[in-house]
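Data first, discussion second: the structure below is written as structure tokens.
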Amino acid sequence: MSRRSVNPSRRVSDGGLPSVGGLFHHKSRSPPVLTIALVVLGVILLIAYFNSGSGVTVTSREAVSRSEGSCTSEVMRALPYLKKAYGTAMQKVLHVGPDSCTVVSNLLKEGKVEAWGVEPYDLEDTDSSCKSLVRKGFVRMSDIKFPLPYRSDSFNLVVVSDALDYLTPRYLNKTLPDLARVSTDGLVIFAGNPGQQKPKVSELPKFGRPAKLRSSSWWTRYFVQTGLTENEGPLKKFEEATSKNEYKPDCQIFHLST
Ligand SMILES: *[C@@H]1O[C@H](CO)[C@@H](O)[C@H](O)[C@H]1NC(C)=O
């Protein structure tokens with residue numbers, strides 16, 4: 001009995017696969033151990049599979065919720081109210097912030113608004129419609145720490161989201177007046193709320209540094225210091241329109257004269 005079972009193993013090991021032969025041989029002699037080992041292996045593989053699977057799902061869900069919680073998506077929600085507030089001044093609009101392609105294509109869809117976009121971080125993982133906007137010159141990448149690549153008074157309205165939160169006061173001092181420089185009728189700033197969820201650490205390389213979510217009193221003080229004043233007319237209309245529709249933005253929205 002033992003002779004017969006040893007012999008095949010020897011033949012296999014002669015063939016150059018001693019360990020495999022030995023393994024088969026050993027397993028065939030003790031089927032319960034083999035079964036248990038296989039079941040355990042299967043369970044481990046299944047756990048590994050589902051863990052990696054759920055890992056992927058969680059990541060994409062986080063990515064979605066992050067972009068949903070961003071102030072750029074808030075710009076999209078606020079567009080109807082901005083139109084009411086600014087009326088004919090919504091003719092030439094510049095959006096500055098991540099995901100600018102989405103804002104620009106939304107604005108262009110209606111045909112009445114001319115829109116341009118500045119993407120401050122990167123334009124690498126963009127879809128074909130965004131690439132086409134970039135090719136046509138509607139959207140461009142530009143580091144907002146440096147002067148914007150536009151002439152003064154190029155736009156009626158400049159809308160900024162998810163961009164100033166990443167600048168230190170030193171850069172804000174340069175960037176904010178430059179945003180005002182290129183617009184004639186107003187500057188609308190969407191800034192994160194201090195209580196808001198911050199981007200994941202994995203997103204940081206894109207933005208360069210963690211967002212500094214400042215309070216509304218900090219911003220107000222800062223605007224006064226910088227000599228920027230509230231854009232009273234549009235602000236009043238904006239508040240009327242939003243309160244009528246019970247729209248409550250998740251971000252702070254500032255309307256400044258330029
Ligand atoms: C930014 O500008 C304000 C007002 O001009 C000034 O008080 C402040 O010191 C400046 N901050 C930095 C970091 O340069």
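Ligands are numbered from 1 in the order shown, residues from 1 within each chain, and chains are lettered A, B, ... in the order they appear in the structure tokens.
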*asked:* Using DSSP secondary structure from the backbone, list all alpha helix (DSSP H) positions within region 98-234 of chain A, as a PyMOL selection string.
replied: chain A and resi 100-109+128-135+169-181+204-207+216-226+232-234
*Output the neighbourhood of ligand 1 as a count of residues only, that is, all protein and nucleic acid residues with some atom at most 6 Å from the ligand, counting only C-alpha atoms and all ligand atoms.*
5
I want to know what sits within 9 Å of Leu256 (chain A), based on only C-alpha atoms, with residues of the same chain fewer than 4 positions away left out; could you give that as a PDB file with N, CA and C atoms, in the first residue's frame?
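Final output, saved to result-v3.pdb:
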ATOM      1  N   ALA A 180     -10.335  90.426  -9.339  1.00  0.00           N
ATOM      2  CA  ALA A 180     -11.155  91.636  -9.463  1.00  0.00           C
ATOM      3  C   ALA A 180     -10.769  92.410 -10.728  1.00  0.00           C
ATOM      4  N   ASP A 185     -18.278  93.534 -13.522  1.00  0.00           N
ATOM      5  CA  ASP A 185     -19.530  93.652 -12.769  1.00  0.00           C
ATOM      6  C   ASP A 185     -19.564  92.908 -11.444  1.00  0.00           C
ATOM      7  N   GLY A 186     -18.587  92.100 -11.191  1.00  0.00           N
ATOM      8  CA  GLY A 186     -18.615  91.442  -9.899  1.00  0.00           C
ATOM      9  C   GLY A 186     -17.747  90.208  -9.803  1.00  0.00           C
ATOM     10  N   LEU A 187     -17.485  89.858  -8.567  1.00  0.00           N
ATOM     11  CA  LEU A 187     -16.691  88.681  -8.242  1.00  0.00           C
ATOM     12  C   LEU A 187     -17.500  87.868  -7.231  1.00  0.00           C
ATOM     13  N   VAL A 188     -17.765  86.614  -7.564  1.00  0.00           N
ATOM     14  CA  VAL A 188     -18.518  85.759  -6.648  1.00  0.00           C
ATOM     15  C   VAL A 188     -17.585  84.667  -6.149  1.00  0.00           C
ATOM     16  N   ILE A 189     -17.454  84.603  -4.820  1.00  0.00           N
ATOM     17  CA  ILE A 189     -16.524  83.636  -4.231  1.00  0.00           C
ATOM     18  C   ILE A 189     -17.297  82.562  -3.472  1.00  0.00           C
ATOM     19  N   PHE A 223     -11.722  90.916   3.285  1.00  0.00           N
ATOM     20  CA  PHE A 223     -12.183  91.716   2.142  1.00  0.00           C
ATOM     21  C   PHE A 223     -12.076  93.209   2.453  1.00  0.00           C
ATOM     22  N   LEU A 228     -11.961  95.389  -0.867  1.00  0.00           N
ATOM     23  CA  LEU A 228     -13.078  94.897  -1.675  1.00  0.00           C
ATOM     24  C   LEU A 228     -14.375  95.106  -0.908  1.00  0.00           C
ATOM     25  N   THR A 229     -15.409  95.555  -1.618  1.00  0.00           N
ATOM     26  CA  THR A 229     -16.686  95.810  -0.934  1.00  0.00           C
ATOM     27  C   THR A 229     -17.774  94.887  -1.460  1.00  0.00           C
ATOM     28  N   GLU A 230     -18.812  94.751  -0.654  1.00  0.00           N
ATOM     29  CA  GLU A 230     -19.941  93.914  -1.026  1.00  0.00           C
ATOM     30  C   GLU A 230     -20.660  94.493  -2.241  1.00  0.00           C
ATOM     31  N   ASN A 231     -21.086  93.601  -3.115  1.00  0.00           N
ATOM     32  CA  ASN A 231     -21.815  93.987  -4.310  1.00  0.00           C
ATOM     33  C   ASN A 231     -23.304  94.029  -3.947  1.00  0.00           C
ATOM     34  N   GLU A 232     -23.725  95.156  -3.367  1.00  0.00           N
ATOM     35  CA  GLU A 232     -25.025  95.189  -2.686  1.00  0.00           C
ATOM     36  C   GLU A 232     -26.225  94.817  -3.548  1.00  0.00           C
ATOM     37  N   LEU A 235     -26.284  91.121  -4.471  1.00  0.00           N
ATOM     38  CA  LEU A 235     -26.383  90.350  -3.227  1.00  0.00           C
ATOM     39  C   LEU A 235     -27.831  90.306  -2.747  1.00  0.00           C
TER      40      LEU A 235
END
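For the pair CA of Arg209 (chain A) and CA of Thr126 (chain A), the interatomic distance is 21.8 Å.
The list of residues with at least one atom within 7 Å of Asp99 (chain A), based on only C-alpha atoms and without residues fewer than 2 positions apart in the same chain, reads Thr72, Gly97, Cys101, Thr102 and Glu119 of chain A.
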Saved selection, atoms kept: C-alpha atoms, as a tab-separated table (two decimals), in the first residue's frame:
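Generated output (again-v7.tsv):
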chain	number	residue	atom	x	y	z
A	72	THR	CA	-17.79	73.78	-7.54
A	97	GLY	CA	-11.69	76.41	-9.89
A	101	CYS	CA	-15.16	72.26	-17.66
A	102	THR	CA	-18.43	71.20	-16.07
A	119	GLU	CA	-8.54	75.10	-13.95
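CA of Pro177 (chain A) to CA of Asn193 (chain A) spans 22.3 Å [interatomic distance, one decimal].
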Mind dumping a table of every region 69-95 of chain A residue within 9 Å of region 159-165 of chain A, with the nearest atom pair and its distance in Å to one decimal, using only C-alpha atoms, sorted by chain and rising number, as a Markdown table?
| residue | atom | partner | partner_atom | distance |
| --- | --- | --- | --- | --- |
| A:Ser70 | CA | A:Asp162 | CA | 7.0 |
| A:Cys71 | CA | A:Ser161 | CA | 5.5 |
| A:Thr72 | CA | A:Ser161 | CA | 5.3 |
| A:Ser73 | CA | A:Ser161 | CA | 8.9 |
| A:Glu74 | CA | A:Ser161 | CA | 8.5 |
| A:Val75 | CA | A:Ser161 | CA | 7.3 |
| A:Val93 | CA | A:Val159 | CA | 7.4 |
| A:Leu94 | CA | A:Val159 | CA | 6.2 |
| A:His95 | CA | A:Val159 | CA | 4.8 |
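With distances restricted to only C-alpha atoms, A:His255 is the closest residue to Glu239 (chain A) from A:Val96, A:Phe138, A:His255, A:Ala37.
Taking CA of Ser154 (chain A) as the reference point, CA of Glu124 (chain A) is found at 26.7 Å.
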*asked:* For Leu148 (chain A), find every residue with an atom within 9 Å (counting only C-alpha atoms), except residues of its own chain fewer than 2 positions away, and show them as a ChimeraX atom specification.
replied: /A:118,142-146,150-151,175,178-179,182
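Between Ser183 (chain A) and the candidates A:Leu167, A:Val134, A:Leu157, A:Cys251, the tightest atom-to-atom separation, counting only C-alpha atoms, involves A:Leu157.
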*Tell me which protein, DNA and RNA residues are within 8 Å of Arg181 (chain A), counting only C-alpha atoms, leaving out same-chain ones fewer than 6 positions away, and put them as a PyMOL selection string.*
chain A and resi 152-153+258
Residue subset to file, keeping C-alpha atoms, as a CSV table (one decimal), in the first residue's frame:
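This is the output file part.csv:
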chain,number,residue,atom,x,y,z
A,152,SER,CA,-8.3,93.7,-17.4
A,153,ASP,CA,-12.1,93.8,-17.6
A,258,THR,CA,-14.8,95.0,-8.6
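Restricting the calculation to only C-alpha atoms, the smallest distance between Phe155 (chain A) and any of A:Lys84, A:Lys92, A:Lys237, A:Lys136 is found for A:Lys92.
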